[in-house]
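Inspection log for the structure reproduced underneath, given as structure tokens.
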Amino acid sequence: MSGQAGTLSQGAAPLRSRFTSHLHEPRTAAILGSALGLVFILCFLTGLFSHLAQSPVSWLPWPSRPAGLYRVTQGVHTLAGISMIPLLLAKLWVVYPKLFVWPFARGPFEVIERLALLPLIGGGLFLAFSGMANTARWYPWEFFFPAAHYWVAWLTIGALIIHIGSKWQLTREHLPQQSTPDLGDQRTQAEAAATAATLPQQRRTFLRAVLASCGAMFLASAGNTIYPLRRISVLAQRIPGVGPQGVPVNKSAQQAGVSIAALDPNYRLILRSAGQEVASMTLAQLRRMPQRSAVLPIACVEGWSTSASWSGVAVRDLLQALPPGATTRDDLNEVLVDSLQEGGLYSKSRMGRQTALDPDTLIALDLNGEPLHIDHGFPARLIAPNRPGVLQTKWCSSLDFR
Amino acid sequence: MSIFRPSKADDPVGKPLTKPPSSELPTSTAAEHGGDSRGRAPVAGLVIGGAIMLFAFRGILQQQDRTAPLNLGFWVIGADLVHDLILAPFAFGAAALVIRFVPKPAQVPVLWAGATSLILILYSFAFLRGYGRKASVPSLLNRNYSLGLLSALGAIWAIAAVWCAVRLRAVAERNNLAPEPPPATET
């Protein structure tokens, strides 16, 4: 991730004079590159975690604890991604003169290394831009955001590993010690000495300025999920605590097309065992079952999150209420949750055994001491610990214990 | 504000320069272009990174109903081109103007404030346009983003102004401490 400007004098002399800052040098690039690499890896790992939460794999049972883990990882993912934008642009600024180095490469190996910069830079910028657009709920493209963001993240990480390999030696040379700047355009030894003497100060000021810009981005958006910052995060997508019953809404009943069905007095929650209907319960019957309360976060993939007090029937109590011959606790593998919403990617969700049997996994009927607002999933919705918001299915119509 | 104060001459992260810089000194050029001298890292990076990239390309193509590969390629390559051909030249041009017209002690704060402002403006574009607003979801995008952006820009330029003042004062103090030139004498 570093040292790209160190070879500027080779083959780039005519353009060298156009980039007068001495910060286009290996040590600055090494420091920024190392920091950027760490943030990329952090975003990649937390993004992978989010992907696995939404698309679980059979060989990795999804944990239901800690309850707020997804809230933390997704908050870190979005905030790190937004905050790194100045870091990314600063790194690109430092190495920009390298774009004009000629010859393009000195062998097939270097051709591959330089070509890998295209997915690395394009991918990095795309991830930052598309993530930011997703936060603003703006989708000016033809692809499905989560899938494209996920696969471009893999592409970028692959290109990043190629880049790290190609710059590993250079970074090791320049990161831990004072490197000598490329001063090929200095006319005299005295000029060169003067520049070298001021370079550490310039670099330090530059790096602090980049850090301050990253901090500004963080403060502008962190209030989405860090409650005390809600007033100063002027560009956050939400104001936590604002919404029906003090909780924000992502999709309304009107948008989901369930406004009539959700208010139907004949509503019944259907309980299935391996696909076969074995019982159904009215809202009154659900309320007569043992009620359980839990304070659980609702955490959206877009980065906002908030905690609330939910009350309702534990899913494991519904499992125990199934008639004889139906799925039991011992042979339960998963639960499919269906919504009154017809169609839509998130009108159904799946939860593994561990989540289904967690005592705090509820078919919630109340939110913050009141019956659910229709936009929060009235008459009944799923709320479970350590789970993305899109999988907390609203307007539940059935549970299928398998 | 201490992070903005020009102070020590030595870089606390690295060691002070002990040898005179020279254009003859290598800047790892040999290491970068010599192939063998870089050890196994480039080959390992190429093998592992290349395999991951192939995995990514396969995923993009396998899920093309969701990834729309051509459109995705347009956006990824487009992001690169927009940066290299528009954003970077604009930034370099704007910086050149600042260096040409702004007094030296104020250049760094102005460059910082300008760059941060540009990033914030670009970031807030979709919020300001309100593309994602839905009438039935009033809790979504529920801030006054115009006012928010103006506040953020105001805070950034206020910090830059203080930073400028600190730097100008430091320069003035240095000038005051400098020995006065000897008075002119008749010869």
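Just so we're on the same page: first chain in the structure tokens is A, next is B, and so on; residues restart at 1 for each chain, and ligands are numbered from 1 in the order they show up.
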Go through stretch 55-121 of chain A and flag each residue having an atom no more than 9 Å from stretch 341-360 of chain A; for those, report the closest pair of atoms plus their distance in Å to one decimal, using only C-alpha atoms, ordered by chain and rising number, as a Markdown table.
| residue | atom | partner | partner_atom | distance |
| --- | --- | --- | --- | --- |
| A:Pro56 | CA | A:Gly352 | CA | 8.6 |
| A:Pro61 | CA | A:Gly352 | CA | 7.0 |
| A:Trp62 | CA | A:Gly352 | CA | 6.7 |
| A:Pro63 | CA | A:Gln354 | CA | 6.4 |
| A:Ser64 | CA | A:Thr355 | CA | 5.0 |
| A:Arg65 | CA | A:Thr355 | CA | 8.7 |
- Query: Any idea what's packed within 10 Å of B:Val108, counting only C-alpha atoms, ignoring anything in its chain fewer than 4 positions away? Could you give it as a VMD selection string?
  - Reply: (chain A and resid 202 205 to 206 209) or (chain B and resid 4 95 98 to 99 102 to 104 112 to 114 160 163 to 164 167)
Writing out the chosen residues with C-alpha atoms as a PDB file, in the first residue's frame:
ATOM      1  CA  GLN A 202       4.940  18.525   6.803  1.00  0.00           C
ATOM      2  CA  THR A 205       0.745  17.993   9.844  1.00  0.00           C
ATOM      3  CA  PHE A 206      -0.665  16.248   6.775  1.00  0.00           C
ATOM      4  CA  ALA A 209      -5.162  16.812   9.015  1.00  0.00           C
TER       5      ALA A 209
ATOM      6  CA  PHE B   4      -2.802  21.415  14.452  1.00  0.00           C
ATOM      7  CA  ALA B  95      -4.689  23.349  -4.208  1.00  0.00           C
ATOM      8  CA  VAL B  98      -4.664  28.138  -2.721  1.00  0.00           C
ATOM      9  CA  ILE B  99      -0.868  27.986  -2.779  1.00  0.00           C
ATOM     10  CA  VAL B 102      -3.276  32.392   0.127  1.00  0.00           C
ATOM     11  CA  PRO B 103      -0.523  33.544   2.508  1.00  0.00           C
ATOM     12  CA  LYS B 104       1.843  30.727   3.404  1.00  0.00           C
ATOM     13  CA  TRP B 112      -7.559  21.065   5.018  1.00  0.00           C
ATOM     14  CA  ALA B 113     -10.846  22.931   5.331  1.00  0.00           C
ATOM     15  CA  GLY B 114     -11.345  22.947   1.565  1.00  0.00           C
ATOM     16  CA  ALA B 160      -9.463  26.411  10.087  1.00  0.00           C
ATOM     17  CA  TRP B 163      -5.687  27.153  13.089  1.00  0.00           C
ATOM     18  CA  CYS B 164      -4.672  30.023  10.781  1.00  0.00           C
ATOM     19  CA  ARG B 167       0.022  29.644  12.787  1.00  0.00           C
TER      20      ARG B 167
END
Q. Neighbours of B:Pro105 within 10 Å (only C-alpha atoms; same-chain residues fewer than 5 positions away dropped), as a ChimeraX atom specification?
A. /B:110,163-171
note - atom CA of B:Ala158 and atom CA of B:Ala91 are separated by 21.4 Å
re atom CA of A:Leu127 and atom CA of A:Leu207: distance 23.0 Å
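Using only C-alpha atoms, the shortest contact distance between chain A and any of B:Gly154, B:Gly39, B:Gly49, B:Pro89 is found at B:Gly49.
Among the candidates A:Ser309, A:Ser273, A:Ser58, A:Thr20, the one nearest to chain B when counting only C-alpha atoms is A:Thr20.
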Could you build a table of the residues in chain A lying no more than 7 Å from chain B, giving for each the nearest pair of atoms and their separation in Å rounded to one decimal place, using only C-alpha atoms, ordered by chain and ascending residue number, as JSON lines?
{"residue": "A:Gly6", "atom": "CA", "partner": "B:Thr27", "partner_atom": "CA", "distance": 5.4}
{"residue": "A:Thr7", "atom": "CA", "partner": "B:Thr29", "partner_atom": "CA", "distance": 6.0}
{"residue": "A:Ile121", "atom": "CA", "partner": "B:Asp80", "partner_atom": "CA", "distance": 6.2}
{"residue": "A:Gly122", "atom": "CA", "partner": "B:Asp80", "partner_atom": "CA", "distance": 4.4}
{"residue": "A:Gly123", "atom": "CA", "partner": "B:Val76", "partner_atom": "CA", "distance": 5.7}
{"residue": "A:Leu125", "atom": "CA", "partner": "B:Ala79", "partner_atom": "CA", "distance": 6.0}
{"residue": "A:Phe126", "atom": "CA", "partner": "B:Val76", "partner_atom": "CA", "distance": 5.5}
{"residue": "A:Ala133", "atom": "CA", "partner": "B:Ala126", "partner_atom": "CA", "distance": 6.8}
{"residue": "A:Ala136", "atom": "CA", "partner": "B:Phe127", "partner_atom": "CA", "distance": 5.8}
{"residue": "A:Arg137", "atom": "CA", "partner": "B:Gly132", "partner_atom": "CA", "distance": 4.4}
{"residue": "A:Trp138", "atom": "CA", "partner": "B:Gly132", "partner_atom": "CA", "distance": 5.3}
{"residue": "A:Glu142", "atom": "CA", "partner": "B:Ala68", "partner_atom": "CA", "distance": 6.5}
{"residue": "A:Phe143", "atom": "CA", "partner": "B:Thr67", "partner_atom": "CA", "distance": 4.8}
{"residue": "A:Phe144", "atom": "CA", "partner": "B:Arg66", "partner_atom": "CA", "distance": 5.1}
{"residue": "A:Ala147", "atom": "CA", "partner": "B:Thr67", "partner_atom": "CA", "distance": 6.1}
{"residue": "A:Ala148", "atom": "CA", "partner": "B:Thr67", "partner_atom": "CA", "distance": 5.1}
{"residue": "A:Trp151", "atom": "CA", "partner": "B:Ala56", "partner_atom": "CA", "distance": 5.5}
{"residue": "A:Trp154", "atom": "CA", "partner": "B:Ala56", "partner_atom": "CA", "distance": 5.5}
{"residue": "A:Leu155", "atom": "CA", "partner": "B:Met53", "partner_atom": "CA", "distance": 4.8}
{"residue": "A:Gly158", "atom": "CA", "partner": "B:Gly49", "partner_atom": "CA", "distance": 3.9}
{"residue": "A:Ala159", "atom": "CA", "partner": "B:Gly49", "partner_atom": "CA", "distance": 5.8}
{"residue": "A:Ile161", "atom": "CA", "partner": "B:Gly49", "partner_atom": "CA", "distance": 4.9}
{"residue": "A:Ile162", "atom": "CA", "partner": "B:Gly45", "partner_atom": "CA", "distance": 4.3}
{"residue": "A:Ile164", "atom": "CA", "partner": "B:Gly45", "partner_atom": "CA", "distance": 6.8}
{"residue": "A:Gly165", "atom": "CA", "partner": "B:Pro42", "partner_atom": "CA", "distance": 4.1}
{"residue": "A:Ser166", "atom": "CA", "partner": "B:Pro42", "partner_atom": "CA", "distance": 4.4}
{"residue": "A:Trp168", "atom": "CA", "partner": "B:Ala41", "partner_atom": "CA", "distance": 6.5}
{"residue": "A:Gln169", "atom": "CA", "partner": "B:Arg38", "partner_atom": "CA", "distance": 5.7}
{"residue": "A:Leu170", "atom": "CA", "partner": "B:Ser28", "partner_atom": "CA", "distance": 6.4}
{"residue": "A:Pro176", "atom": "CA", "partner": "B:Gly14", "partner_atom": "CA", "distance": 6.3}
{"residue": "A:Gln177", "atom": "CA", "partner": "B:Gly14", "partner_atom": "CA", "distance": 4.7}
{"residue": "A:Gln178", "atom": "CA", "partner": "B:Gly14", "partner_atom": "CA", "distance": 5.0}
{"residue": "A:Thr180", "atom": "CA", "partner": "B:Pro21", "partner_atom": "CA", "distance": 6.2}
{"residue": "A:Asp182", "atom": "CA", "partner": "B:Ser23", "partner_atom": "CA", "distance": 6.5}
{"residue": "A:Leu183", "atom": "CA", "partner": "B:Ser23", "partner_atom": "CA", "distance": 5.3}
{"residue": "A:Gly184", "atom": "CA", "partner": "B:Ser23", "partner_atom": "CA", "distance": 4.6}
{"residue": "A:Ala192", "atom": "CA", "partner": "B:Pro21", "partner_atom": "CA", "distance": 6.2}
{"residue": "A:Ala193", "atom": "CA", "partner": "B:Pro21", "partner_atom": "CA", "distance": 6.0}
{"residue": "A:Ala196", "atom": "CA", "partner": "B:Pro21", "partner_atom": "CA", "distance": 6.5}
{"residue": "A:Pro200", "atom": "CA", "partner": "B:Asp11", "partner_atom": "CA", "distance": 5.2}
{"residue": "A:Gln201", "atom": "CA", "partner": "B:Ala9", "partner_atom": "CA", "distance": 5.9}
{"residue": "A:Thr205", "atom": "CA", "partner": "B:Phe4", "partner_atom": "CA", "distance": 6.7}
{"residue": "A:Arg208", "atom": "CA", "partner": "B:Ile3", "partner_atom": "CA", "distance": 6.4}
{"residue": "A:Ala209", "atom": "CA", "partner": "B:Trp112", "partner_atom": "CA", "distance": 6.3}
{"residue": "A:Ser213", "atom": "CA", "partner": "B:Thr116", "partner_atom": "CA", "distance": 5.7}
{"residue": "A:Val234", "atom": "CA", "partner": "B:Gly148", "partner_atom": "CA", "distance": 4.6}
{"residue": "A:Leu235", "atom": "CA", "partner": "B:Tyr145", "partner_atom": "CA", "distance": 6.3}
{"residue": "A:Gln237", "atom": "CA", "partner": "B:Leu141", "partner_atom": "CA", "distance": 5.0}
{"residue": "A:Arg238", "atom": "CA", "partner": "B:Leu141", "partner_atom": "CA", "distance": 5.7}
{"residue": "A:Val242", "atom": "CA", "partner": "B:Ser139", "partner_atom": "CA", "distance": 6.2}
{"residue": "A:Gly243", "atom": "CA", "partner": "B:Ser139", "partner_atom": "CA", "distance": 5.1}
{"residue": "A:Pro248", "atom": "CA", "partner": "B:Ser139", "partner_atom": "CA", "distance": 5.5}
{"residue": "A:Val249", "atom": "CA", "partner": "B:Ser139", "partner_atom": "CA", "distance": 6.2}
{"residue": "A:Asn250", "atom": "CA", "partner": "B:Leu140", "partner_atom": "CA", "distance": 6.9}
{"residue": "A:Lys251", "atom": "CA", "partner": "B:Val137", "partner_atom": "CA", "distance": 6.8}
{"residue": "A:Ser252", "atom": "CA", "partner": "B:Val137", "partner_atom": "CA", "distance": 6.0}
{"residue": "A:Gln254", "atom": "CA", "partner": "B:Ser136", "partner_atom": "CA", "distance": 6.8}
Checklist entry - What's the 12 Å shell around A:Arg71, counting only C-alpha atoms, without same-chain residues fewer than 6 positions away, as JSON, numbers by chain? => result {"A": [46, 49, 50, 53, 65, 77, 78, 79, 224, 225, 226, 296, 297, 298, 299, 300, 301, 302, 303, 304, 305, 306, 307, 385, 386, 387, 388, 389]}
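Atom CA of A:Gly124 is positioned 19.6 Å from atom CA of A:Ser221.
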* To do: Would you kindly return, as a VMD selection string, each protein, DNA or RNA residue with an atom no farther than 12 Å from any atom of A:Val295, considering only C-alpha atoms and excluding same-chain residues fewer than 3 positions away?
  => chain A and resid 67 to 68 292 298 306 to 312 360 to 362 364 366 to 369 383 to 385
Dump N, CA and C atoms for the selected residues as a short mmCIF file (atom, residue, chain, number, x, y, z; two decimals), in the first residue's frame?
data_model
loop_
_atom_site.label_atom_id
_atom_site.label_comp_id
_atom_site.auth_asym_id
_atom_site.auth_seq_id
_atom_site.Cartn_x
_atom_site.Cartn_y
_atom_site.Cartn_z
N ALA A 67 -26.30 -10.35 22.50
CA ALA A 67 -27.50 -9.84 21.83
C ALA A 67 -27.21 -8.65 20.93
N GLY A 68 -26.25 -7.81 21.35
CA GLY A 68 -25.97 -6.59 20.57
C GLY A 68 -24.79 -6.72 19.64
N ARG A 292 -43.32 -12.43 27.82
CA ARG A 292 -41.91 -12.22 28.20
C ARG A 292 -41.45 -10.88 27.63
N ILE A 298 -32.57 -3.07 17.71
CA ILE A 298 -32.91 -3.32 16.32
C ILE A 298 -31.85 -2.60 15.52
N THR A 306 -31.04 1.07 17.42
CA THR A 306 -31.60 1.61 18.66
C THR A 306 -32.12 0.45 19.50
N SER A 307 -32.12 0.66 20.80
CA SER A 307 -32.63 -0.38 21.69
C SER A 307 -34.06 -0.05 22.10
N ALA A 308 -34.84 -1.07 22.36
CA ALA A 308 -36.23 -0.86 22.79
C ALA A 308 -36.66 -2.03 23.66
N SER A 309 -37.75 -1.81 24.37
CA SER A 309 -38.29 -2.86 25.22
C SER A 309 -39.42 -3.56 24.47
N TRP A 310 -39.25 -4.84 24.24
CA TRP A 310 -40.23 -5.63 23.48
C TRP A 310 -40.90 -6.64 24.41
N SER A 311 -42.19 -6.88 24.22
CA SER A 311 -42.90 -7.90 25.01
C SER A 311 -43.73 -8.76 24.07
N GLY A 312 -43.84 -10.02 24.42
CA GLY A 312 -44.64 -10.93 23.61
C GLY A 312 -44.43 -12.36 24.04
N ASP A 360 -35.05 -14.92 24.68
CA ASP A 360 -35.43 -13.55 24.29
C ASP A 360 -35.90 -13.45 22.83
N THR A 361 -35.96 -14.55 22.13
CA THR A 361 -36.50 -14.50 20.77
C THR A 361 -38.02 -14.52 20.87
N LEU A 362 -38.63 -13.42 20.48
CA LEU A 362 -40.06 -13.22 20.75
C LEU A 362 -40.88 -13.03 19.49
N ALA A 364 -43.20 -10.54 19.14
CA ALA A 364 -43.52 -9.37 19.97
C ALA A 364 -44.91 -8.84 19.64
N ASP A 366 -45.97 -6.09 21.90
CA ASP A 366 -45.88 -4.74 22.47
C ASP A 366 -44.48 -4.17 22.27
N LEU A 367 -44.44 -2.86 22.15
CA LEU A 367 -43.16 -2.16 22.03
C LEU A 367 -43.19 -0.97 22.99
N ASN A 368 -42.20 -0.92 23.84
CA ASN A 368 -42.10 0.14 24.84
C ASN A 368 -43.42 0.32 25.62
N GLY A 369 -44.04 -0.80 25.98
CA GLY A 369 -45.21 -0.80 26.85
C GLY A 369 -46.54 -0.57 26.16
N ILE A 383 -38.79 -10.51 16.96
CA ILE A 383 -37.62 -9.76 17.42
C ILE A 383 -36.70 -10.77 18.11
N ALA A 384 -35.46 -10.77 17.69
CA ALA A 384 -34.51 -11.77 18.22
C ALA A 384 -33.16 -11.11 18.43
N PRO A 385 -32.38 -11.64 19.37
CA PRO A 385 -31.05 -11.05 19.62
C PRO A 385 -30.06 -11.35 18.50
#
Sel. of alpha helix (DSSP H) residues, stretch 109-192 of chain A, as a PyMOL selection string: chain A and resi 109-115+117-135+145-174+189-192
Save the residues we just selected, C-alpha atoms, as an mmCIF file, in the first residue's frame?
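Heads up, here's the output in selection_38.cif:
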data_model
loop_
_atom_site.group_PDB
_atom_site.id
_atom_site.type_symbol
_atom_site.label_atom_id
_atom_site.label_comp_id
_atom_site.auth_asym_id
_atom_site.auth_seq_id
_atom_site.Cartn_x
_atom_site.Cartn_y
_atom_site.Cartn_z
ATOM 1 C CA PHE A 109 4.599 -9.545 -13.312
ATOM 2 C CA GLU A 110 4.468 -5.789 -12.916
ATOM 3 C CA VAL A 111 1.756 -5.540 -15.580
ATOM 4 C CA ILE A 112 -0.448 -7.739 -13.392
ATOM 5 C CA GLU A 113 0.410 -5.729 -10.299
ATOM 6 C CA ARG A 114 -0.466 -2.469 -11.976
ATOM 7 C CA LEU A 115 -3.634 -3.838 -13.543
ATOM 8 C CA LEU A 117 -4.747 -1.344 -9.085
ATOM 9 C CA LEU A 118 -7.848 -0.845 -11.232
ATOM 10 C CA PRO A 119 -10.112 -3.120 -9.139
ATOM 11 C CA LEU A 120 -8.337 -1.951 -5.999
ATOM 12 C CA ILE A 121 -8.920 1.763 -6.526
ATOM 13 C CA GLY A 122 -12.184 1.426 -8.439
ATOM 14 C CA GLY A 123 -13.432 -1.166 -5.969
ATOM 15 C CA GLY A 124 -12.439 0.893 -2.940
ATOM 16 C CA LEU A 125 -14.142 3.988 -4.309
ATOM 17 C CA PHE A 126 -17.182 1.979 -5.354
ATOM 18 C CA LEU A 127 -17.532 0.408 -1.910
ATOM 19 C CA ALA A 128 -17.319 3.805 -0.243
ATOM 20 C CA PHE A 129 -19.754 5.402 -2.682
ATOM 21 C CA SER A 130 -22.299 2.578 -2.785
ATOM 22 C CA GLY A 131 -22.241 2.191 0.995
ATOM 23 C CA MET A 132 -22.786 5.914 1.385
ATOM 24 C CA ALA A 133 -25.626 5.845 -1.166
ATOM 25 C CA ASN A 134 -27.216 2.919 0.653
ATOM 26 C CA THR A 135 -27.118 4.940 3.856
ATOM 27 C CA PHE A 145 -26.903 -3.392 -3.599
ATOM 28 C CA PRO A 146 -26.074 -6.109 -1.022
ATOM 29 C CA ALA A 147 -24.973 -8.615 -3.679
ATOM 30 C CA ALA A 148 -22.886 -6.106 -5.622
ATOM 31 C CA HIS A 149 -21.337 -4.615 -2.474
ATOM 32 C CA TYR A 150 -20.472 -8.097 -1.223
ATOM 33 C CA TRP A 151 -18.802 -9.344 -4.394
ATOM 34 C CA VAL A 152 -16.937 -6.109 -5.071
ATOM 35 C CA ALA A 153 -15.626 -6.339 -1.509
ATOM 36 C CA TRP A 154 -14.124 -9.735 -2.357
ATOM 37 C CA LEU A 155 -12.716 -8.320 -5.584
ATOM 38 C CA THR A 156 -11.159 -5.389 -3.753
ATOM 39 C CA ILE A 157 -9.694 -7.556 -1.009
ATOM 40 C CA GLY A 158 -8.121 -9.801 -3.651
ATOM 41 C CA ALA A 159 -6.609 -6.776 -5.383
ATOM 42 C CA LEU A 160 -5.502 -5.428 -1.998
ATOM 43 C CA ILE A 161 -3.641 -8.656 -1.208
ATOM 44 C CA ILE A 162 -1.845 -8.461 -4.572
ATOM 45 C CA HIS A 163 -0.951 -4.858 -3.793
ATOM 46 C CA ILE A 164 0.230 -5.667 -0.269
ATOM 47 C CA GLY A 165 2.437 -8.422 -1.686
ATOM 48 C CA SER A 166 3.949 -6.124 -4.290
ATOM 49 C CA LYS A 167 4.615 -3.336 -1.778
ATOM 50 C CA TRP A 168 5.472 -5.471 1.231
ATOM 51 C CA GLN A 169 9.212 -4.967 0.996
ATOM 52 C CA LEU A 170 8.883 -1.262 0.272
ATOM 53 C CA THR A 171 6.497 -0.750 3.178
ATOM 54 C CA ARG A 172 8.818 -2.602 5.545
ATOM 55 C CA GLU A 173 11.655 -0.340 4.442
ATOM 56 C CA HIS A 174 9.782 2.922 4.868
ATOM 57 C CA GLN A 189 22.223 20.042 -2.177
ATOM 58 C CA ALA A 190 21.234 22.889 0.148
ATOM 59 C CA GLU A 191 17.693 22.950 -1.221
ATOM 60 C CA ALA A 192 17.460 19.210 -0.789
#
task = Give me the residues within 6 Å of A:Ala30 as number ranges by chain, counting only C-alpha atoms and dropping any in the same chain fewer than 4 places off.
result = A: 2, 26, 34, 171, 175
